[in-house]
Amino acid sequence: MDRFEGGTADPLHRAVRIREMAAADVEAVSAVRVRGWQHAYRGLMPQAYLDAMSVAADAERRRAWFVRKAPEVSDLVAERDGEVIGWAAVGPARDPDVAPGAGELLALYVAPELIGTGVGRALLAAGTADARAKGFPTLYLWVVRGNTLARRFYARAGFVPDGAEETDEVGGRSIPELRYRRRLAPESASLASAPGSARPGPAPPESAPAEPAPPDSARPAPGEPPRPGS
């Protein structure tokens, strides 16, 4: 099912299609994810760990996870001219300290060369709409503390830190993460603000790059294979 379509005359901002991920997308999603880690976390995580990440190995694990993923998790891909250029996942919140029934943006990745072109915003809009349709009153996410570009992106989208912090071990280094949340308006209220359309409209032109340096969290999402070596 298509979730979003929009673009401009600028070749970097031409139409982006958001649709549900298929098994045939596994390798492309793995490539976006691995390249995203290597781009976003340079200087934040051990370089040897990032250099050792393998698209082929990630795809092999992801393929096995994809066929048995939890049905309540939605995987969405961003596609342009038939090429997968981004991926996001939304599902129930994993943390036991949040209110029952909350949702979580489990992952959001964009091809590094397309950061700042609206792809991430299209994925986030579609993921938020999916969370709202699932009835999640609140959407949470985790972001690496040092990933300032992603933190600004999510803040502009209405997410705020809720005070929770966590540390993950990646390649022998402790990586601090912060939890953000956003309260979602009921779907009826959202539709009332855009008469005649059930889909989010095209994102407004950017005054400055605002895409997240993917991914949003160092933790694997449900349905996502573990990190290499984990």
# chains A, B, ... in the order shown; residues from 1 in each chain; ligands from 1
>>> residues_around(residues="stretch 21-29 of chain A", least_positions_apart="6", cutoff="9 Å", atoms="only C-alpha atoms", output="compact mmCIF listing (two decimals) with all heavy atoms, in the first residue's frame")
# COMPACT_ATOMS: atom_id res chain seq x y z
N VAL A 55 27.12 -5.79 4.34
CA VAL A 55 25.77 -5.78 3.79
C VAL A 55 25.29 -7.20 3.58
O VAL A 55 24.14 -7.55 3.89
CB VAL A 55 25.73 -4.98 2.48
CG1 VAL A 55 24.36 -5.14 1.79
CG2 VAL A 55 26.02 -3.51 2.72
N ALA A 56 26.14 -8.07 3.04
CA ALA A 56 25.74 -9.45 2.77
C ALA A 56 25.37 -10.18 4.05
O ALA A 56 24.36 -10.90 4.10
CB ALA A 56 26.88 -10.18 2.05
N ASP A 58 24.43 -8.81 6.92
CA ASP A 58 23.22 -8.21 7.46
C ASP A 58 21.99 -8.72 6.72
O ASP A 58 20.96 -9.04 7.33
CB ASP A 58 23.31 -6.68 7.35
CG ASP A 58 22.14 -5.98 8.01
OD1 ASP A 58 21.09 -5.81 7.35
OD2 ASP A 58 22.28 -5.58 9.17
N ALA A 59 22.08 -8.82 5.40
CA ALA A 59 20.95 -9.28 4.59
C ALA A 59 20.60 -10.73 4.90
O ALA A 59 19.41 -11.09 4.94
CB ALA A 59 21.26 -9.11 3.10
N GLU A 60 21.60 -11.54 5.13
CA GLU A 60 21.33 -12.95 5.44
C GLU A 60 20.54 -13.08 6.75
O GLU A 60 19.56 -13.82 6.83
CB GLU A 60 22.66 -13.72 5.56
CG GLU A 60 22.48 -15.20 5.82
CD GLU A 60 23.80 -15.94 5.88
OE1 GLU A 60 24.85 -15.32 5.61
OE2 GLU A 60 23.78 -17.15 6.18
N ARG A 62 18.80 -10.59 8.16
CA ARG A 62 17.54 -9.87 8.01
C ARG A 62 16.50 -10.72 7.28
O ARG A 62 15.30 -10.69 7.60
CB ARG A 62 17.77 -8.56 7.25
CG ARG A 62 16.55 -7.66 7.17
CD ARG A 62 16.90 -6.34 6.51
NE ARG A 62 17.98 -5.69 7.23
CZ ARG A 62 17.81 -4.98 8.35
NH1 ARG A 62 16.61 -4.84 8.86
NH2 ARG A 62 18.84 -4.42 8.94
N ARG A 63 16.93 -11.48 6.29
CA ARG A 63 16.01 -12.32 5.53
C ARG A 63 15.34 -13.35 6.45
O ARG A 63 14.13 -13.59 6.36
CB ARG A 63 16.76 -13.01 4.40
CG ARG A 63 15.86 -13.64 3.35
CD ARG A 63 16.67 -14.12 2.15
NE ARG A 63 17.14 -12.99 1.35
CZ ARG A 63 18.42 -12.60 1.30
NH1 ARG A 63 19.34 -13.21 2.00
NH2 ARG A 63 18.76 -11.57 0.54
N PHE A 66 12.91 -11.47 8.75
CA PHE A 66 11.76 -10.86 8.08
C PHE A 66 10.60 -11.85 7.96
O PHE A 66 9.44 -11.46 8.12
CB PHE A 66 12.17 -10.36 6.69
CG PHE A 66 11.08 -9.59 5.99
CD1 PHE A 66 10.77 -8.29 6.35
CD2 PHE A 66 10.35 -10.18 4.97
CE1 PHE A 66 9.76 -7.58 5.72
CE2 PHE A 66 9.34 -9.48 4.32
CZ PHE A 66 9.04 -8.18 4.70
N VAL A 67 10.89 -13.10 7.70
CA VAL A 67 9.82 -14.08 7.48
C VAL A 67 9.10 -14.43 8.78
O VAL A 67 8.00 -14.97 8.75
CB VAL A 67 10.36 -15.36 6.81
CG1 VAL A 67 10.91 -15.04 5.44
CG2 VAL A 67 11.40 -16.04 7.67
N SER A 74 5.28 -2.74 11.61
CA SER A 74 5.19 -2.30 10.21
C SER A 74 6.56 -1.90 9.70
O SER A 74 7.25 -1.08 10.32
CB SER A 74 4.23 -1.11 10.08
OG SER A 74 2.92 -1.46 10.44
N ASP A 75 6.96 -2.47 8.57
CA ASP A 75 8.20 -2.08 7.90
C ASP A 75 7.83 -1.30 6.65
O ASP A 75 7.10 -1.81 5.79
CB ASP A 75 9.01 -3.33 7.51
CG ASP A 75 9.63 -4.01 8.71
OD1 ASP A 75 10.67 -3.53 9.18
OD2 ASP A 75 9.07 -5.02 9.18
N LEU A 76 8.34 -0.09 6.53
CA LEU A 76 8.05 0.78 5.40
C LEU A 76 9.35 1.13 4.68
O LEU A 76 10.37 1.37 5.33
CB LEU A 76 7.38 2.07 5.88
CG LEU A 76 6.11 1.91 6.73
CD1 LEU A 76 5.66 3.27 7.26
CD2 LEU A 76 5.00 1.25 5.93
N VAL A 77 9.31 1.16 3.36
CA VAL A 77 10.48 1.58 2.61
C VAL A 77 10.15 2.81 1.78
O VAL A 77 9.02 3.00 1.34
CB VAL A 77 11.02 0.46 1.68
CG1 VAL A 77 11.54 -0.71 2.49
CG2 VAL A 77 9.97 0.00 0.68
N ALA A 78 11.16 3.65 1.60
CA ALA A 78 11.07 4.80 0.71
C ALA A 78 11.70 4.39 -0.61
O ALA A 78 12.81 3.86 -0.65
CB ALA A 78 11.80 6.00 1.30
N GLU A 83 14.17 2.47 -6.79
CA GLU A 83 15.30 2.17 -5.90
C GLU A 83 14.92 2.45 -4.46
O GLU A 83 14.38 3.52 -4.14
CB GLU A 83 16.50 3.02 -6.28
CG GLU A 83 17.72 2.80 -5.39
CD GLU A 83 18.86 3.74 -5.71
OE1 GLU A 83 18.69 4.60 -6.61
OE2 GLU A 83 19.92 3.62 -5.08
N VAL A 84 15.19 1.49 -3.57
CA VAL A 84 14.93 1.68 -2.14
C VAL A 84 16.01 2.59 -1.57
O VAL A 84 17.20 2.31 -1.67
CB VAL A 84 14.92 0.34 -1.39
CG1 VAL A 84 14.87 0.55 0.12
CG2 VAL A 84 13.72 -0.50 -1.83
N ILE A 85 15.57 3.70 -0.97
CA ILE A 85 16.52 4.71 -0.46
C ILE A 85 16.32 5.00 1.02
O ILE A 85 17.00 5.87 1.58
CB ILE A 85 16.40 6.02 -1.28
CG1 ILE A 85 14.94 6.52 -1.29
CG2 ILE A 85 16.90 5.82 -2.70
CD1 ILE A 85 14.74 7.85 -1.99
N GLY A 86 15.40 4.29 1.65
CA GLY A 86 15.18 4.49 3.08
C GLY A 86 14.29 3.41 3.63
O GLY A 86 13.60 2.69 2.89
N TRP A 87 14.30 3.27 4.96
CA TRP A 87 13.50 2.25 5.63
C TRP A 87 13.14 2.74 7.03
O TRP A 87 13.95 3.41 7.69
CB TRP A 87 14.29 0.95 5.72
CG TRP A 87 13.73 -0.07 6.67
CD1 TRP A 87 12.52 -0.73 6.55
CD2 TRP A 87 14.32 -0.56 7.87
NE1 TRP A 87 12.36 -1.60 7.61
CE2 TRP A 87 13.45 -1.51 8.43
CE3 TRP A 87 15.53 -0.28 8.52
CZ2 TRP A 87 13.73 -2.18 9.62
CZ3 TRP A 87 15.81 -0.95 9.71
CH2 TRP A 87 14.91 -1.89 10.24
N TYR A 109 16.12 4.88 8.65
CA TYR A 109 17.39 4.93 7.95
C TYR A 109 17.17 5.59 6.58
O TYR A 109 16.18 5.31 5.91
CB TYR A 109 17.94 3.53 7.69
CG TYR A 109 18.18 2.68 8.92
CD1 TYR A 109 17.13 2.13 9.64
CD2 TYR A 109 19.48 2.38 9.33
CE1 TYR A 109 17.34 1.34 10.75
CE2 TYR A 109 19.71 1.59 10.45
CZ TYR A 109 18.64 1.06 11.15
OH TYR A 109 18.86 0.27 12.25
>>> select_by_dssp(residues="stretch 1-94 of chain A", states="strand (DSSP E or B)", output="list in words")
Phe4, Glu5, Gly6, Val16, Arg17, Ile18, Arg19, Glu20, Arg42, Met45, Ser74, Asp75, Leu76, Val77, Ala78, Glu79, Arg80, Glu83, Val84, Ile85, Gly86, Trp87, Ala88, Ala89, Val90, Gly91 and Pro92 of chain A
>>> write_last_selection(atoms="N, CA and C atoms", output="CSV table (one decimal), in the first residue's frame")
chain,number,residue,atom,x,y,z
A,4,PHE,N,2.7,7.6,0.8
A,4,PHE,CA,3.1,9.0,0.6
A,4,PHE,C,3.7,9.2,-0.8
A,5,GLU,N,3.4,10.2,-1.4
A,5,GLU,CA,4.1,10.5,-2.7
A,5,GLU,C,4.2,12.0,-2.8
A,6,GLY,N,5.3,12.5,-3.1
A,6,GLY,CA,5.5,14.0,-3.2
A,6,GLY,C,6.9,14.3,-3.7
A,16,VAL,N,9.0,10.7,-4.0
A,16,VAL,CA,9.3,9.6,-3.1
A,16,VAL,C,8.0,8.8,-2.9
A,17,ARG,N,8.1,7.5,-3.0
A,17,ARG,CA,7.0,6.6,-2.7
A,17,ARG,C,7.3,5.9,-1.5
A,18,ILE,N,6.3,5.9,-0.5
A,18,ILE,CA,6.5,5.1,0.7
A,18,ILE,C,5.5,3.9,0.6
A,19,ARG,N,6.1,2.7,0.8
A,19,ARG,CA,5.2,1.5,0.7
A,19,ARG,C,5.7,0.5,1.7
A,20,GLU,N,4.9,-0.6,1.9
A,20,GLU,CA,5.3,-1.7,2.8
A,20,GLU,C,6.5,-2.4,2.2
A,42,ARG,N,30.4,7.6,12.6
A,42,ARG,CA,31.8,7.8,12.5
A,42,ARG,C,32.2,8.8,13.6
A,45,MET,N,31.3,5.7,17.3
A,45,MET,CA,31.5,4.2,17.6
A,45,MET,C,32.8,3.8,17.1
A,74,SER,N,5.3,-2.7,11.6
A,74,SER,CA,5.2,-2.3,10.2
A,74,SER,C,6.6,-1.9,9.7
A,75,ASP,N,7.0,-2.5,8.6
A,75,ASP,CA,8.2,-2.1,7.9
A,75,ASP,C,7.8,-1.3,6.6
A,76,LEU,N,8.3,-0.1,6.5
A,76,LEU,CA,8.1,0.8,5.4
A,76,LEU,C,9.3,1.1,4.7
A,77,VAL,N,9.3,1.2,3.4
A,77,VAL,CA,10.5,1.6,2.6
A,77,VAL,C,10.2,2.8,1.8
A,78,ALA,N,11.2,3.6,1.6
A,78,ALA,CA,11.1,4.8,0.7
A,78,ALA,C,11.7,4.4,-0.6
A,79,GLU,N,11.0,4.7,-1.7
A,79,GLU,CA,11.4,4.2,-3.0
A,79,GLU,C,11.4,5.4,-4.0
A,80,ARG,N,12.4,5.6,-4.8
A,80,ARG,CA,12.5,6.6,-5.8
A,80,ARG,C,13.0,6.0,-7.1
A,83,GLU,N,14.2,2.5,-6.8
A,83,GLU,CA,15.3,2.2,-5.9
A,83,GLU,C,14.9,2.4,-4.5
A,84,VAL,N,15.2,1.5,-3.6
A,84,VAL,CA,14.9,1.7,-2.1
A,84,VAL,C,16.0,2.6,-1.6
A,85,ILE,N,15.6,3.7,-1.0
A,85,ILE,CA,16.5,4.7,-0.5
A,85,ILE,C,16.3,5.0,1.0
A,86,GLY,N,15.4,4.3,1.6
A,86,GLY,CA,15.2,4.5,3.1
A,86,GLY,C,14.3,3.4,3.6
A,87,TRP,N,14.3,3.3,5.0
A,87,TRP,CA,13.5,2.3,5.6
A,87,TRP,C,13.1,2.7,7.0
A,88,ALA,N,11.9,2.4,7.5
A,88,ALA,CA,11.5,2.7,8.8
A,88,ALA,C,10.7,1.6,9.3
A,89,ALA,N,10.6,1.4,10.7
A,89,ALA,CA,9.8,0.4,11.3
A,89,ALA,C,9.1,1.0,12.5
A,90,VAL,N,7.9,0.6,12.6
A,90,VAL,CA,7.0,1.1,13.7
A,90,VAL,C,6.3,-0.1,14.4
A,91,GLY,N,6.3,-0.1,15.7
A,91,GLY,CA,5.6,-1.2,16.4
A,91,GLY,C,5.3,-0.8,17.8
A,92,PRO,N,4.9,-1.7,18.7
A,92,PRO,CA,4.6,-1.5,20.1
A,92,PRO,C,5.9,-1.1,20.8
>>> closest_residue(among="A:Arg151, A:Arg145, A:Lys134, A:Arg156", to="A:Leu184", atoms="only C-alpha atoms")
A:Lys134
>>> select_by_dssp(residues="stretch 80-203 of chain A", states="alpha helix (DSSP H)", output="compact mmCIF listing (two decimals) with N, CA and C atoms, in the first residue's frame")
# COMPACT_ATOMS: atom_id res chain seq x y z
N VAL A 119 13.51 12.74 2.28
CA VAL A 119 13.19 11.31 2.34
C VAL A 119 12.88 10.89 3.78
N GLY A 120 13.70 11.33 4.71
CA GLY A 120 13.47 10.98 6.10
C GLY A 120 12.16 11.53 6.61
N ARG A 121 11.81 12.74 6.21
CA ARG A 121 10.55 13.33 6.64
C ARG A 121 9.35 12.57 6.07
N ALA A 122 9.49 12.10 4.82
CA ALA A 122 8.41 11.30 4.22
C ALA A 122 8.23 10.00 4.99
N LEU A 123 9.33 9.35 5.34
CA LEU A 123 9.26 8.11 6.12
C LEU A 123 8.67 8.37 7.50
N LEU A 124 9.10 9.44 8.15
CA LEU A 124 8.59 9.75 9.48
C LEU A 124 7.10 10.07 9.42
N ALA A 125 6.66 10.80 8.41
CA ALA A 125 5.23 11.11 8.26
C ALA A 125 4.42 9.83 8.09
N ALA A 126 4.92 8.92 7.25
CA ALA A 126 4.20 7.67 7.03
C ALA A 126 4.22 6.79 8.27
N GLY A 127 5.36 6.76 8.96
CA GLY A 127 5.45 5.97 10.18
C GLY A 127 4.54 6.50 11.27
N THR A 128 4.47 7.82 11.39
CA THR A 128 3.59 8.44 12.38
C THR A 128 2.13 8.15 12.05
N ALA A 129 1.78 8.23 10.77
CA ALA A 129 0.41 7.91 10.36
C ALA A 129 0.08 6.45 10.66
N ASP A 130 1.04 5.57 10.46
CA ASP A 130 0.84 4.15 10.75
C ASP A 130 0.62 3.94 12.25
N ALA A 131 1.43 4.63 13.06
CA ALA A 131 1.29 4.52 14.52
C ALA A 131 -0.08 5.03 14.97
N ARG A 132 -0.51 6.13 14.38
CA ARG A 132 -1.82 6.68 14.74
C ARG A 132 -2.94 5.71 14.35
N ALA A 133 -2.80 5.11 13.16
CA ALA A 133 -3.81 4.15 12.70
C ALA A 133 -3.87 2.92 13.60
N THR A 148 23.64 14.50 16.93
CA THR A 148 22.96 15.79 17.05
C THR A 148 22.05 16.09 15.86
N LEU A 149 22.41 15.63 14.67
CA LEU A 149 21.57 15.87 13.50
C LEU A 149 20.23 15.17 13.66
N ALA A 150 20.25 13.91 14.12
CA ALA A 150 19.00 13.18 14.33
C ALA A 150 18.19 13.81 15.44
N ARG A 151 18.85 14.25 16.50
CA ARG A 151 18.11 14.86 17.61
C ARG A 151 17.40 16.14 17.17
N ARG A 152 18.05 16.94 16.34
CA ARG A 152 17.40 18.16 15.83
C ARG A 152 16.22 17.80 14.94
N PHE A 153 16.41 16.78 14.11
CA PHE A 153 15.35 16.34 13.20
C PHE A 153 14.09 15.93 13.98
N TYR A 154 14.28 15.11 14.99
CA TYR A 154 13.13 14.63 15.75
C TYR A 154 12.50 15.76 16.58
N ALA A 155 13.32 16.67 17.07
CA ALA A 155 12.77 17.81 17.81
C ALA A 155 11.88 18.66 16.91
N ARG A 156 12.31 18.87 15.67
CA ARG A 156 11.50 19.64 14.73
C ARG A 156 10.21 18.93 14.39
N GLU A 187 -6.69 9.98 15.00
CA GLU A 187 -6.72 10.02 13.53
C GLU A 187 -7.80 10.96 13.02
N SER A 188 -8.95 11.01 13.69
CA SER A 188 -10.03 11.89 13.23
C SER A 188 -9.61 13.34 13.26
N ALA A 189 -8.84 13.73 14.31
CA ALA A 189 -8.38 15.11 14.41
C ALA A 189 -7.35 15.40 13.33
N SER A 190 -6.50 14.40 13.05
CA SER A 190 -5.48 14.59 12.02
C SER A 190 -6.12 14.79 10.66
N LEU A 191 -7.15 13.98 10.36
CA LEU A 191 -7.81 14.10 9.06
C LEU A 191 -8.56 15.42 8.94
N ALA A 192 -9.10 15.90 10.08
CA ALA A 192 -9.84 17.16 10.03
C ALA A 192 -8.96 18.32 9.63
>>> residues_around(residues="A:Ala57", least_positions_apart="4", cutoff="9 Å", atoms="only C-alpha atoms", output="PyMOL selection string")
chain A and resi 30+53+61-62+228
>>> atom_distance(atom1="atom CA of A:Ile175", atom2="atom CA of A:Val144")
7.1 Å
>>> residues_around(residues="A:Leu178", least_positions_apart="4", cutoff="12 Å", atoms="only C-alpha atoms", output="list in words")
Tyr140, Leu141, Trp142, Val143, Val144, Arg145, Gly146, Asn147, Thr148, Ala150, Arg151, Tyr154, Phe159, Val160, Pro161, Asp162, Gly163, Ala164, Glu165, Glu166, Thr167, Asp168, Asp216, Ser217, Ala218 and Arg219 of chain A
>>> closest_residue(among="A:Leu114, A:Ala48, A:Ala102, A:Val32", to="A:Phe136", atoms="only C-alpha atoms")
A:Ala102
>>> atom_distance(atom1="atom CA of A:Val98", atom2="atom CA of A:Gly158")
18.3 Å
>>> atom_distance(atom1="atom CA of A:Pro46", atom2="atom CA of A:Gly116")
25.5 Å
